[in-house]
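Participant: Enclosed is the structure file final12.tsv (TSV, C-alpha atoms).
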chain	number	residue	atom	x	y	z
K	1	MET	CA	31.05	8.05	3.86
K	2	ASN	CA	31.88	11.20	5.74
K	3	PRO	CA	31.79	11.14	9.56
K	4	ARG	CA	28.68	13.35	9.91
K	5	ARG	CA	26.62	11.11	7.65
K	6	LYS	CA	27.97	8.08	9.45
K	7	LYS	CA	26.89	9.54	12.79
K	8	ARG	CA	23.39	10.32	11.54
K	9	LEU	CA	23.15	6.84	10.03
K	10	THR	CA	24.10	5.23	13.35
K	11	ILE	CA	21.59	7.36	15.27
K	12	VAL	CA	18.69	6.67	12.92
K	13	VAL	CA	19.46	2.95	12.67
K	14	SER	CA	19.77	2.57	16.43
K	15	ILE	CA	16.47	4.40	16.98
K	16	LEU	CA	14.81	2.07	14.49
K	17	ILE	CA	16.29	-1.05	16.09
K	18	GLY	CA	15.29	0.19	19.55
K	19	ILE	CA	11.70	0.88	18.49
K	20	SER	CA	11.37	-2.48	16.74
K	21	LEU	CA	12.70	-4.24	19.82
K	22	ILE	CA	10.25	-2.43	22.11
K	23	THR	CA	7.32	-3.14	19.78
K	24	THR	CA	8.26	-6.80	19.53
K	25	LEU	CA	8.43	-7.14	23.32
K	26	VAL	CA	5.15	-5.28	23.86
K	27	LEU	CA	3.38	-7.42	21.27
K	28	TYR	CA	4.91	-10.54	22.75
K	29	ALA	CA	3.69	-9.57	26.20
K	30	LEU	CA	0.22	-8.70	24.93
K	31	ASN	CA	0.09	-11.65	22.58
K	32	GLN	CA	-3.00	-13.38	23.95
K	33	ASN	CA	-4.87	-10.14	24.61
K	34	ILE	CA	-4.71	-9.15	20.95
K	35	ASP	CA	-6.63	-12.25	19.94
K	36	LEU	CA	-10.12	-11.21	19.03
K	37	PHE	CA	-11.74	-14.37	20.33
K	38	TYR	CA	-11.44	-17.63	22.24
K	39	THR	CA	-12.01	-20.89	20.43
K	40	PRO	CA	-14.32	-23.50	22.02
K	41	HIS	CA	-11.22	-25.62	22.70
K	42	GLU	CA	-9.61	-22.71	24.57
K	43	ILE	CA	-12.75	-22.11	26.65
K	44	ILE	CA	-12.59	-25.63	27.98
K	45	HIS	CA	-8.83	-26.23	28.13
K	46	GLY	CA	-7.45	-22.69	28.37
K	47	LYS	CA	-5.21	-20.82	25.93
K	48	ASP	CA	-2.31	-22.88	24.59
K	49	ASP	CA	0.57	-21.01	26.17
K	50	THR	CA	-0.89	-19.16	29.16
K	51	GLY	CA	-3.69	-21.52	30.14
K	52	ASN	CA	-6.03	-18.52	30.45
K	53	LYS	CA	-9.63	-19.62	30.76
K	54	PRO	CA	-12.70	-17.38	30.75
K	55	VAL	CA	-14.84	-17.56	33.90
K	56	ILE	CA	-18.61	-17.90	33.99
K	57	GLY	CA	-20.24	-14.50	33.72
K	58	GLN	CA	-17.36	-13.08	31.68
K	59	ARG	CA	-18.12	-11.26	28.44
K	60	ILE	CA	-16.10	-12.91	25.67
K	61	ARG	CA	-15.99	-13.57	21.96
K	62	VAL	CA	-15.95	-17.15	20.74
K	63	GLY	CA	-14.93	-18.15	17.23
K	64	GLY	CA	-15.51	-21.56	15.71
K	65	LEU	CA	-17.41	-23.56	13.15
K	66	VAL	CA	-21.16	-23.98	13.36
K	67	VAL	CA	-21.83	-27.68	13.91
K	68	VAL	CA	-23.72	-29.15	10.94
K	69	GLY	CA	-27.27	-30.05	11.91
K	70	SER	CA	-27.12	-28.23	15.23
K	71	VAL	CA	-29.01	-25.05	14.34
K	72	SER	CA	-32.42	-25.00	15.97
K	73	ARG	CA	-34.77	-22.06	15.61
K	74	ASN	CA	-37.72	-21.08	17.69
K	75	PRO	CA	-40.57	-20.70	15.16
K	76	GLU	CA	-42.28	-18.06	17.36
K	77	SER	CA	-39.34	-15.67	17.70
K	78	LEU	CA	-35.85	-14.83	16.45
K	79	LYS	CA	-34.30	-17.07	19.13
K	80	VAL	CA	-31.79	-19.48	17.71
K	81	GLN	CA	-29.40	-21.99	19.23
K	82	PHE	CA	-26.45	-23.78	17.68
K	83	GLY	CA	-23.28	-25.66	18.50
K	84	LEU	CA	-19.89	-24.10	17.89
K	85	THR	CA	-16.89	-26.36	17.55
K	86	ASN	CA	-13.17	-26.57	17.03
K	87	LYS	CA	-10.57	-29.23	17.79
K	88	GLY	CA	-13.22	-31.65	19.00
K	89	GLU	CA	-14.75	-29.40	21.67
K	90	THR	CA	-18.25	-27.99	21.29
K	91	ILE	CA	-20.07	-25.24	23.12
K	92	THR	CA	-23.65	-24.09	22.72
K	93	VAL	CA	-24.48	-20.57	21.61
K	94	LYS	CA	-27.89	-19.02	22.28
K	95	TYR	CA	-28.78	-15.93	20.32
K	96	ASP	CA	-31.80	-13.71	19.91
K	97	GLY	CA	-31.48	-11.61	16.78
K	98	ILE	CA	-30.85	-11.53	13.06
K	99	LEU	CA	-27.97	-13.65	11.79
K	100	PRO	CA	-25.63	-12.33	9.07
K	101	ASP	CA	-26.13	-13.53	5.47
K	102	LEU	CA	-23.05	-15.72	5.52
K	103	PHE	CA	-24.21	-17.62	8.60
K	104	ARG	CA	-24.75	-21.25	7.75
K	105	GLU	CA	-23.93	-24.68	9.08
K	106	GLY	CA	-20.26	-25.51	8.69
K	107	GLN	CA	-19.39	-21.80	8.41
K	108	GLY	CA	-16.94	-20.04	10.72
K	109	ILE	CA	-18.57	-17.44	12.96
K	110	ILE	CA	-17.68	-15.26	15.92
K	111	ALA	CA	-20.20	-14.82	18.71
K	112	ASN	CA	-19.90	-12.01	21.22
K	113	GLY	CA	-21.65	-12.59	24.52
K	114	VAL	CA	-21.64	-13.73	28.12
K	115	LEU	CA	-20.58	-17.19	29.20
K	116	ILE	CA	-23.58	-18.29	31.30
K	117	GLU	CA	-22.59	-21.88	31.93
K	118	ASN	CA	-19.44	-23.89	31.40
K	119	ARG	CA	-20.28	-24.65	27.79
K	120	VAL	CA	-23.07	-22.18	27.06
K	121	LEU	CA	-22.68	-18.69	25.65
K	122	GLU	CA	-25.53	-16.21	25.51
K	123	ALA	CA	-24.62	-14.12	22.47
K	124	THR	CA	-25.57	-10.50	21.89
K	125	GLU	CA	-23.89	-10.35	18.47
K	126	VAL	CA	-23.05	-12.97	15.87
K	127	LEU	CA	-20.55	-12.17	13.11
K	128	ALA	CA	-19.77	-14.39	10.14
K	129	LYS	CA	-16.15	-15.09	9.37
K	130	HIS	CA	-15.26	-16.00	5.84
K	131	ASP	CA	-12.01	-17.39	4.54
K	132	GLU	CA	-9.59	-16.04	1.96
K	133	ASN	CA	-10.70	-18.42	-0.80
K	134	TYR	CA	-12.86	-17.02	-3.55
K	135	MET	CA	-14.26	-19.05	-6.42
K	136	PRO	CA	-17.20	-19.06	-8.80
K	137	LYS	CA	-20.17	-21.22	-7.84
K	138	GLU	CA	-19.48	-23.81	-10.56
K	139	VAL	CA	-15.95	-24.38	-9.26
K	140	ALA	CA	-17.23	-24.67	-5.70
K	141	ASP	CA	-19.83	-27.21	-6.81
K	142	ALA	CA	-17.21	-29.20	-8.67
K	143	LEU	CA	-15.08	-29.22	-5.54
K	144	GLY	CA	-18.04	-30.40	-3.51
K	145	GLU	CA	-18.17	-27.22	-1.46
K	146	GLY	CA	-21.52	-26.17	-2.83
K	147	HIS	CA	-24.16	-25.23	-0.33
K	148	THR	CA	-27.87	-24.83	-0.15
K	149	PRO	CA	-28.79	-21.20	0.40
K	150	PRO	CA	-30.15	-20.61	3.92
K	151	GLU	CA	-33.87	-20.02	3.91
K	152	TYR	CA	-33.73	-16.59	5.58
K	153	SER	CA	-31.86	-14.99	2.71
K	154	LYS	CA	-34.02	-14.11	-0.30
K	155	ASN	CA	-31.46	-13.59	-3.03
K	156	ASN	CA	-28.54	-15.90	-3.41
T	157	MET	CA	27.68	2.73	-9.36
T	158	TRP	CA	25.32	5.50	-8.28
T	159	LYS	CA	26.89	8.06	-10.67
T	160	TRP	CA	23.88	8.07	-13.03
T	161	LEU	CA	21.72	9.26	-10.16
T	162	HIS	CA	23.81	12.31	-9.36
T	163	PRO	CA	22.31	14.72	-11.91
T	164	TYR	CA	18.90	14.15	-10.29
T	165	ALA	CA	20.03	15.78	-7.07
T	166	ASN	CA	19.36	18.92	-9.10
T	167	PRO	CA	15.70	19.94	-8.67
T	168	GLU	CA	15.46	21.34	-12.19
T	169	LYS	CA	16.58	18.06	-13.82
T	170	THR	CA	14.26	16.04	-11.63
T	171	PHE	CA	11.36	18.37	-12.35
T	172	HIS	CA	11.76	17.87	-16.09
T	173	LEU	CA	12.11	14.09	-15.73
T	174	THR	CA	8.93	13.98	-13.61
T	175	GLU	CA	7.15	16.18	-16.14
T	176	LYS	CA	8.02	13.70	-18.89
T	177	LEU	CA	6.86	10.67	-16.88
T	178	THR	CA	3.63	12.11	-15.47
T	179	PRO	CA	1.38	11.84	-18.56
T	180	TRP	CA	2.50	8.23	-19.20
T	181	PHE	CA	1.54	7.22	-15.69
T	182	GLY	CA	-1.79	8.99	-16.16
T	183	TYR	CA	-2.61	7.23	-19.45
T	184	LEU	CA	-1.53	3.80	-18.21
T	185	ALA	CA	-3.62	4.24	-15.06
T	186	MET	CA	-6.67	5.27	-17.10
T	187	ILE	CA	-6.41	2.31	-19.51
T	188	LEU	CA	-5.61	-0.33	-16.90
T	189	LEU	CA	-8.27	0.84	-14.46
T	190	ALA	CA	-10.91	1.09	-17.19
T	191	VAL	CA	-10.14	-2.45	-18.38
T	192	GLY	CA	-9.64	-3.90	-14.91
T	193	MET	CA	-12.72	-2.36	-13.33
T	194	THR	CA	-15.05	-3.23	-16.21
T	195	TRP	CA	-13.72	-6.78	-16.15
T	196	ALA	CA	-13.98	-7.07	-12.38
T	197	LEU	CA	-17.38	-5.46	-11.95
T	198	LEU	CA	-19.20	-6.87	-14.98
T	199	PHE	CA	-17.56	-10.08	-16.17
T	200	VAL	CA	-15.99	-11.83	-13.20
T	201	PRO	CA	-18.26	-14.62	-11.91
T	202	PRO	CA	-19.81	-13.97	-8.48
T	203	ASP	CA	-18.25	-15.72	-5.49
T	204	TYR	CA	-19.86	-18.99	-4.39
T	205	GLN	CA	-20.55	-17.67	-0.89
T	206	GLN	CA	-20.61	-13.91	-1.02
T	207	GLY	CA	-22.16	-13.43	-4.42
T	208	ASN	CA	-21.58	-10.01	-5.90
T	209	SER	CA	-20.44	-8.25	-2.75
T	210	PHE	CA	-17.00	-9.81	-3.10
T	211	ARG	CA	-16.33	-7.51	-6.10
T	212	ILE	CA	-15.29	-4.76	-3.71
T	213	PHE	CA	-12.16	-6.94	-3.35
T	214	TYR	CA	-10.89	-5.31	-6.56
T	215	ILE	CA	-10.75	-1.90	-4.89
T	216	HIS	CA	-10.16	-2.93	-1.29
T	217	VAL	CA	-7.17	-5.21	-1.78
T	218	PRO	CA	-5.13	-3.07	-4.23
T	219	SER	CA	-5.57	0.01	-2.05
T	220	ALA	CA	-4.71	-1.91	1.12
T	221	ILE	CA	-1.60	-3.55	-0.40
T	222	LEU	CA	-0.40	-0.28	-1.86
T	223	SER	CA	-1.05	1.68	1.33
T	224	LEU	CA	1.61	-0.57	2.88
T	225	SER	CA	4.06	-0.40	-0.05
T	226	VAL	CA	3.69	3.37	-0.23
T	227	TYR	CA	4.40	3.59	3.50
T	228	VAL	CA	7.59	1.54	3.14
T	229	ALA	CA	8.70	3.65	0.17
T	230	MET	CA	8.00	6.84	2.14
T	231	ALA	CA	9.97	5.54	5.13
T	232	ILE	CA	12.97	4.59	2.97
T	233	ILE	CA	12.96	8.01	1.33
T	234	ALA	CA	12.61	9.71	4.73
T	235	PHE	CA	15.54	7.62	5.96
T	236	SER	CA	17.80	8.72	3.11
T	237	ALA	CA	16.60	12.28	3.55
T	238	LEU	CA	17.69	12.21	7.19
T	239	VAL	CA	21.04	10.53	6.65
T	240	TRP	CA	22.15	12.17	3.41
T	241	GLN	CA	20.15	15.40	3.89
T	242	LEU	CA	18.60	15.30	0.45
T	243	LYS	CA	16.21	18.20	-0.09
T	244	LEU	CA	14.47	16.39	-2.93
T	245	ALA	CA	13.79	13.41	-0.70
T	246	ASP	CA	12.07	15.72	1.78
T	247	ALA	CA	9.90	17.05	-1.02
T	248	SER	CA	8.92	13.55	-2.10
T	249	VAL	CA	7.98	12.47	1.43
T	250	ALA	CA	5.70	15.50	1.57
T	251	ALA	CA	4.28	14.49	-1.83
T	252	ILE	CA	3.73	10.84	-0.92
T	253	ALA	CA	2.12	11.10	2.54
T	254	PRO	CA	-1.33	12.41	1.49
T	255	VAL	CA	-1.57	9.82	-1.31
T	256	GLY	CA	-0.79	7.07	1.17
T	257	ALA	CA	-3.32	8.48	3.63
T	258	ALA	CA	-5.96	8.46	0.90
T	259	LEU	CA	-5.17	4.82	0.02
T	260	THR	CA	-5.44	3.82	3.67
T	261	ALA	CA	-8.74	5.66	4.03
T	262	VAL	CA	-10.08	3.93	0.89
T	263	ALA	CA	-8.98	0.54	2.23
T	264	LEU	CA	-10.67	1.20	5.59
T	265	PHE	CA	-13.85	2.53	4.02
T	266	THR	CA	-14.25	-0.25	1.45
T	267	GLY	CA	-13.40	-2.74	4.18
T	268	ALA	CA	-16.21	-1.40	6.36
T	269	ALA	CA	-18.64	-1.42	3.46
T	270	TRP	CA	-17.65	-5.01	2.70
T	271	GLY	CA	-17.76	-6.07	6.35
T	272	LYS	CA	-21.37	-5.00	6.86
T	273	PRO	CA	-22.95	-7.47	4.40
T	274	THR	CA	-20.50	-10.34	4.91
T	275	TRP	CA	-19.47	-10.25	8.57
T	276	GLY	CA	-22.52	-8.41	9.83
T	277	THR	CA	-20.66	-5.42	11.24
T	278	TRP	CA	-18.99	-2.26	9.93
T	279	TRP	CA	-16.13	-2.39	12.35
T	280	VAL	CA	-14.58	-4.68	14.89
T	281	TRP	CA	-11.44	-3.99	16.91
T	282	ASP	CA	-9.44	-6.93	15.62
T	283	ALA	CA	-5.71	-6.77	15.00
T	284	ARG	CA	-5.86	-6.18	11.24
T	285	LEU	CA	-8.42	-3.38	11.33
T	286	THR	CA	-6.87	-1.64	14.30
T	287	SER	CA	-3.31	-1.71	12.94
T	288	GLN	CA	-4.55	-0.38	9.60
T	289	LEU	CA	-6.30	2.46	11.45
T	290	ILE	CA	-3.03	3.22	13.26
T	291	GLN	CA	-1.37	3.47	9.86
T	292	LEU	CA	-3.91	6.09	8.81
T	293	PHE	CA	-3.00	8.12	11.92
T	294	LEU	CA	0.71	7.73	11.12
T	295	TYR	CA	0.15	9.14	7.65
T	296	LEU	CA	-1.91	11.99	9.08
T	297	GLY	CA	0.84	12.64	11.64
T	298	VAL	CA	3.46	12.84	8.90
T	299	ILE	CA	1.30	15.32	6.98
T	300	ALA	CA	0.62	17.36	10.11
T	301	LEU	CA	4.29	17.52	11.14
T	302	HIS	CA	5.27	18.66	7.65
T	303	ASN	CA	2.97	21.63	8.07
T	304	ALA	CA	3.58	22.25	11.77
T	305	PHE	CA	6.80	24.23	11.35
T	306	GLU	CA	7.43	27.58	9.74
T	307	ASP	CA	10.70	26.21	8.43
T	308	LYS	CA	10.13	23.44	5.85
T	309	ALA	CA	13.45	21.76	6.56
T	310	GLN	CA	12.60	21.38	10.25
T	311	GLY	CA	9.12	20.10	9.50
T	312	SER	CA	10.54	17.54	7.09
T	313	LYS	CA	12.97	16.31	9.71
T	314	ALA	CA	10.25	15.78	12.32
T	315	ALA	CA	7.91	14.16	9.77
T	316	GLY	CA	10.76	11.96	8.52
T	317	ILE	CA	11.46	10.61	11.99
T	318	LEU	CA	7.78	9.76	12.49
T	319	ALA	CA	7.67	8.06	9.08
T	320	ILE	CA	10.72	5.93	9.92
T	321	VAL	CA	9.51	4.97	13.40
T	322	GLY	CA	6.05	4.10	12.05
T	323	VAL	CA	7.52	1.50	9.73
T	324	VAL	CA	7.38	-1.05	12.59
T	325	ASN	CA	3.60	-1.04	12.09
T	326	VAL	CA	3.90	-2.40	8.54
T	327	PRO	CA	4.84	-6.02	9.40
T	328	ILE	CA	2.21	-5.92	12.17
T	329	ILE	CA	-0.49	-5.08	9.62
T	330	LYS	CA	0.77	-7.63	7.13
T	331	TYR	CA	1.04	-10.57	9.53
T	332	SER	CA	-1.76	-9.61	11.95
T	333	VAL	CA	-4.07	-12.16	10.34
T	334	GLU	CA	-1.52	-14.93	10.87
T	335	TRP	CA	-0.27	-14.06	14.34
T	336	TRP	CA	-3.62	-13.58	16.03
T	337	ASN	CA	-7.21	-14.74	15.85
T	338	THR	CA	-8.97	-12.10	13.80
T	339	LEU	CA	-12.33	-11.64	12.16
T	340	HIS	CA	-10.49	-10.53	9.03
T	341	GLN	CA	-9.68	-13.48	6.75
T	342	GLY	CA	-6.14	-14.45	5.78
T	343	GLN	CA	-4.27	-13.27	2.73
T	344	THR	CA	-5.73	-14.21	-0.63
T	345	VAL	CA	-2.85	-12.98	-2.75
T	346	THR	CA	0.78	-13.26	-1.76
T	347	GLN	CA	3.99	-12.52	-3.60
T	348	ILE	CA	4.92	-16.18	-3.59
T	349	GLY	CA	2.65	-19.14	-4.09
T	350	LYS	CA	-0.70	-19.59	-5.71
T	351	PRO	CA	-3.46	-17.05	-5.05
T	352	ALA	CA	-6.43	-18.45	-3.11
T	353	MET	CA	-8.81	-17.64	-5.93
T	354	THR	CA	-9.44	-19.01	-9.39
T	355	MET	CA	-7.57	-17.56	-12.38
T	356	ASP	CA	-10.62	-15.86	-13.90
T	357	MET	CA	-10.92	-13.92	-10.64
T	358	TYR	CA	-7.18	-13.35	-10.18
T	359	LEU	CA	-6.26	-11.90	-13.59
T	360	PRO	CA	-8.57	-8.86	-13.40
T	361	PHE	CA	-7.13	-8.28	-9.92
T	362	VAL	CA	-3.62	-8.06	-11.38
T	363	VAL	CA	-4.85	-5.52	-13.96
T	364	CYS	CA	-6.55	-3.47	-11.22
T	365	LEU	CA	-3.46	-3.64	-9.02
T	366	PHE	CA	-1.24	-2.23	-11.76
T	367	GLY	CA	-3.91	0.34	-12.57
T	368	PHE	CA	-3.72	1.49	-8.96
T	369	VAL	CA	0.10	1.48	-9.09
T	370	PHE	CA	0.08	3.86	-12.04
T	371	LEU	CA	-2.74	5.93	-10.57
T	372	ILE	CA	-0.79	6.62	-7.40
T	373	SER	CA	2.46	7.15	-9.36
T	374	TRP	CA	0.60	9.76	-11.38
T	375	LEU	CA	-0.83	11.45	-8.29
T	376	ILE	CA	2.54	11.39	-6.51
T	377	CYS	CA	4.28	12.88	-9.58
T	378	LEU	CA	1.73	15.70	-9.75
T	379	ARG	CA	2.16	16.46	-6.05
T	380	PHE	CA	5.95	16.14	-6.28
T	381	LYS	CA	6.11	18.69	-9.10
T	382	THR	CA	4.05	21.13	-7.06
T	383	GLU	CA	6.28	20.58	-4.02
T	384	LEU	CA	9.40	21.18	-6.13
T	385	LEU	CA	8.03	24.41	-7.58
T	386	GLU	CA	6.92	25.62	-4.16
T	387	ARG	CA	10.25	24.83	-2.49
T	388	ASN	CA	12.27	26.39	-5.31
T	389	ALA	CA	9.97	29.34	-5.96
T	390	THR	CA	12.81	31.86	-5.80
T	391	ARG	CA	15.12	29.95	-8.16
T	392	PRO	CA	15.70	31.33	-11.67
T	393	TRP	CA	14.63	28.08	-13.41
T	394	VAL	CA	11.19	28.28	-11.80
T	395	LYS	CA	10.87	31.92	-12.80
T	396	ASP	CA	11.83	31.00	-16.36
T	397	LEU	CA	9.14	28.31	-16.38
T	398	VAL	CA	6.53	30.80	-15.19
T	399	ASN	CA	7.58	33.35	-17.79
T	400	GLN	CA	7.43	30.72	-20.53
T	401	THR	CA	3.87	29.73	-19.71
T	402	GLU	CA	2.74	33.36	-19.44
T	403	LYS	CA	4.00	34.27	-22.90
Can you give me the file's structure in the form of structure tokens?

Facilitator:
Amino acid sequence: MNPRRKKRLTIVVSILIGISLITTLVLYALNQNIDLFYTPHEIIHGKDDTGNKPVIGQRIRVGGLVVVGSVSRNPESLKVQFGLTNKGETITVKYDGILPDLFREGQGIIANGVLIENRVLEATEVLAKHDENYMPKEVADALGEGHTPPEYSKNN
Amino acid sequence: MWKWLHPYANPEKTFHLTEKLTPWFGYLAMILLAVGMTWALLFVPPDYQQGNSFRIFYIHVPSAILSLSVYVAMAIIAFSALVWQLKLADASVAAIAPVGAALTAVALFTGAAWGKPTWGTWWVWDARLTSQLIQLFLYLGVIALHNAFEDKAQGSKAAGILAIVGVVNVPIIKYSVEWWNTLHQGQTVTQIGKPAMTMDMYLPFVVCLFGFVFLISWLICLRFKTELLERNATRPWVKDLVNQTEK
């Protein structure tokens, strides 16, 4: 390789290494802030590595599984309340609005709202999280993952 | 070892090779996409949770995967263009960038359209969505820098550097769903290991993926030919080509 090419190669490679290093460090420093949500476990015990805990009155997102049997609706209004759990810790989410189609008991969801008590979140937005597994209904039934369609959705 | 490549440093040779390949890519794309899309949209069973809305997977995932692969390819070509000063490599970076930008835009748009019915929102600033949006801006930056200079060689150099630097974003996009809590689900299909979907859902995906591969190869070839003609407009072989078609 002639010296000019070699020089250009060294420059470009060192720029690339430098940029990757900077990005890695920035991402490492920001690590916890890039998380979209807290889990119920993290709200009570703090984040694993930093111990960061949200304070009451803080606007946060919480992601977890809807506790089976915990959904209670107010028949007069859109108000709904349910438990959200992960790793054995449960918090209560209160919400006034329309839930997404994929919302159901046992499903992962993300609630965006204000922490009003230690274990109570008043949500302004509820998003359903789904996983990366896709299968036809018959397969799901055979695996025992079948579900009863929630009553608020007409077609399913 | 690389001797067989040497003739293709000549734009005329490369132009004729591309011209030969282009129609094949076009036909393969047409057949594979027709088969794959019909299969995916009409015959694949609906998902047990999402019903029919999961079918957008067959457009969203191929375009998202390929927007990353195209970026890596573009960065490698830009790298060799900078180090070995290959004019043809500059032309192909200019040809690839808009195709990659289109793929990224399709991935973002179909993602938003899919997110609304399933998640309940068009957009959320989670790591996957945000890093993919940054990639769109990187592509747009590469296109803009190519056109920002009077002198094509200078524009290519600036665009090439941006393309190379932007490659650090690729692993961030790919692993964002594993490194951080995101609303976006994890990867369904990976290069190694079993896909997280049943075979009757996975096979049409493979057909669609290859359909997209040939579609973008076809588009890139078309754009590459135009770039070559434009950059060599004063060369005798281009003039000969023009005279031939006029006769």

Participant: Counting only C-alpha atoms, give me one row per residue of chain K with an atom at most 9 Å from an atom of chain T, showing the shortest contact pair and its distance in Å to one decimal, sorted by chain then residue number, as CSV.

Facilitator:
residue,atom,partner,partner_atom,distance
K:Arg4,CA,T:Val239,CA,8.8
K:Arg5,CA,T:Val239,CA,5.7
K:Lys6,CA,T:Val239,CA,7.9
K:Lys7,CA,T:Val239,CA,8.5
K:Arg8,CA,T:Val239,CA,5.4
K:Leu9,CA,T:Val239,CA,5.4
K:Val12,CA,T:Phe235,CA,7.7
K:Ile15,CA,T:Val321,CA,7.8
K:Leu16,CA,T:Val321,CA,6.1
K:Ile19,CA,T:Val321,CA,6.9
K:Ser20,CA,T:Val324,CA,5.9
K:Thr23,CA,T:Val324,CA,7.5
K:Asn31,CA,T:Trp336,CA,7.8
K:Gln32,CA,T:Trp336,CA,7.9
K:Ile34,CA,T:Ala283,CA,6.5
K:Asp35,CA,T:Asn337,CA,4.8
K:Leu36,CA,T:Thr338,CA,5.4
K:Phe37,CA,T:Asn337,CA,6.4
K:Tyr38,CA,T:Asn337,CA,8.2
K:Gly63,CA,T:Asn337,CA,8.6
K:Leu99,CA,T:Gly276,CA,7.8
K:Pro100,CA,T:Gly276,CA,5.1
K:Asp101,CA,T:Thr274,CA,6.5
K:Leu102,CA,T:Thr274,CA,6.0
K:Phe103,CA,T:Trp275,CA,8.8
K:Ile109,CA,T:Trp275,CA,8.5
K:Ile110,CA,T:Leu339,CA,7.5
K:Glu125,CA,T:Gly276,CA,9.0
K:Val126,CA,T:Gly276,CA,7.6
K:Leu127,CA,T:Trp275,CA,5.0
K:Ala128,CA,T:Trp275,CA,4.4
K:Lys129,CA,T:Leu339,CA,5.9
K:His130,CA,T:Gln341,CA,6.2
K:Asp131,CA,T:Gln341,CA,5.1
K:Glu132,CA,T:Thr344,CA,5.0
K:Asn133,CA,T:Ala352,CA,4.9
K:Tyr134,CA,T:Met353,CA,4.7
K:Met135,CA,T:Asp203,CA,5.3
K:Pro136,CA,T:Asp203,CA,4.8
K:Lys137,CA,T:Tyr204,CA,4.1
K:Glu138,CA,T:Tyr204,CA,7.8
K:Val139,CA,T:Tyr204,CA,8.2
K:Ala140,CA,T:Tyr204,CA,6.4
K:Asp141,CA,T:Tyr204,CA,8.6
K:Glu145,CA,T:Tyr204,CA,8.9
K:Gly146,CA,T:Tyr204,CA,7.5
K:His147,CA,T:Gln205,CA,8.4
K:Asn156,CA,T:Gly207,CA,6.9

Participant: Take the residues that were just selected and, keeping C-alpha atoms, output them as a compact mmCIF listing (two decimals), in the coordinates of the input.

Facilitator:
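So the final result, stored in part.txt, reads:
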# COMPACT_ATOMS: atom_id res chain seq x y z
CA ARG K 4 28.68 13.35 9.91
CA ARG K 5 26.62 11.11 7.65
CA LYS K 6 27.97 8.08 9.45
CA LYS K 7 26.89 9.54 12.79
CA ARG K 8 23.39 10.32 11.54
CA LEU K 9 23.15 6.84 10.03
CA VAL K 12 18.69 6.67 12.92
CA ILE K 15 16.47 4.40 16.98
CA LEU K 16 14.81 2.07 14.49
CA ILE K 19 11.70 0.88 18.49
CA SER K 20 11.37 -2.48 16.74
CA THR K 23 7.32 -3.14 19.78
CA ASN K 31 0.09 -11.65 22.58
CA GLN K 32 -3.00 -13.38 23.95
CA ILE K 34 -4.71 -9.15 20.95
CA ASP K 35 -6.63 -12.25 19.94
CA LEU K 36 -10.12 -11.21 19.03
CA PHE K 37 -11.74 -14.37 20.33
CA TYR K 38 -11.44 -17.63 22.24
CA GLY K 63 -14.93 -18.15 17.23
CA LEU K 99 -27.97 -13.65 11.79
CA PRO K 100 -25.63 -12.33 9.07
CA ASP K 101 -26.13 -13.53 5.47
CA LEU K 102 -23.05 -15.72 5.52
CA PHE K 103 -24.21 -17.62 8.60
CA ILE K 109 -18.57 -17.44 12.96
CA ILE K 110 -17.68 -15.26 15.92
CA GLU K 125 -23.89 -10.35 18.47
CA VAL K 126 -23.05 -12.97 15.87
CA LEU K 127 -20.55 -12.17 13.11
CA ALA K 128 -19.77 -14.39 10.14
CA LYS K 129 -16.15 -15.09 9.37
CA HIS K 130 -15.26 -16.00 5.84
CA ASP K 131 -12.01 -17.39 4.54
CA GLU K 132 -9.59 -16.04 1.96
CA ASN K 133 -10.70 -18.42 -0.80
CA TYR K 134 -12.86 -17.02 -3.55
CA MET K 135 -14.26 -19.05 -6.42
CA PRO K 136 -17.20 -19.06 -8.80
CA LYS K 137 -20.17 -21.22 -7.84
CA GLU K 138 -19.48 -23.81 -10.56
CA VAL K 139 -15.95 -24.38 -9.26
CA ALA K 140 -17.23 -24.67 -5.70
CA ASP K 141 -19.83 -27.21 -6.81
CA GLU K 145 -18.17 -27.22 -1.46
CA GLY K 146 -21.52 -26.17 -2.83
CA HIS K 147 -24.16 -25.23 -0.33
CA ASN K 156 -28.54 -15.90 -3.41

Participant: Applying 7 Å and all atoms listed in the file, which residues near T:Arg211 remain after dropping the ones on its own chain fewer than 3 positions away? List them as an MDAnalysis selection string.

Facilitator: chainID T and resid 196:197 208 214

Participant: Deliver the residues from the most recent selection as a file, using C-alpha atoms, as a short mmCIF file (atom, residue, chain, number, x, y, z; two decimals), in the frame of the given file.

Facilitator:
data_model
loop_
_atom_site.label_atom_id
_atom_site.label_comp_id
_atom_site.auth_asym_id
_atom_site.auth_seq_id
_atom_site.Cartn_x
_atom_site.Cartn_y
_atom_site.Cartn_z
CA ALA T 196 -13.98 -7.07 -12.38
CA LEU T 197 -17.38 -5.46 -11.95
CA ASN T 208 -21.58 -10.01 -5.90
CA TYR T 214 -10.89 -5.31 -6.56
#

Participant: I'd like the interatomic distance between atom CA of T:Ile329 and atom CA of T:Ile212, to a tenth of an Å.

Facilitator: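 If I compute the distance from atom CA of T:Ile329 to atom CA of T:Ile212, I get 19.9 Å.
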
Participant: Give me the residues near stretch 305-315 of chain T as number ranges by chain, where near means some atom within 12 Å (using all atoms listed in the file) and where sequence neighbours in that chain fewer than 6 positions away do not count.

Facilitator: K: 12; T: 230-231, 233-253, 294-299, 321-322, 383, 386-388

Participant: Skipping near chain neighbours, those fewer than 4 positions away, what residues fall within 12 Å of T:Phe181 using only C-alpha atoms, listed as a PyMOL selection string?

Facilitator: chain T and resi 174-177+185-189+366-378
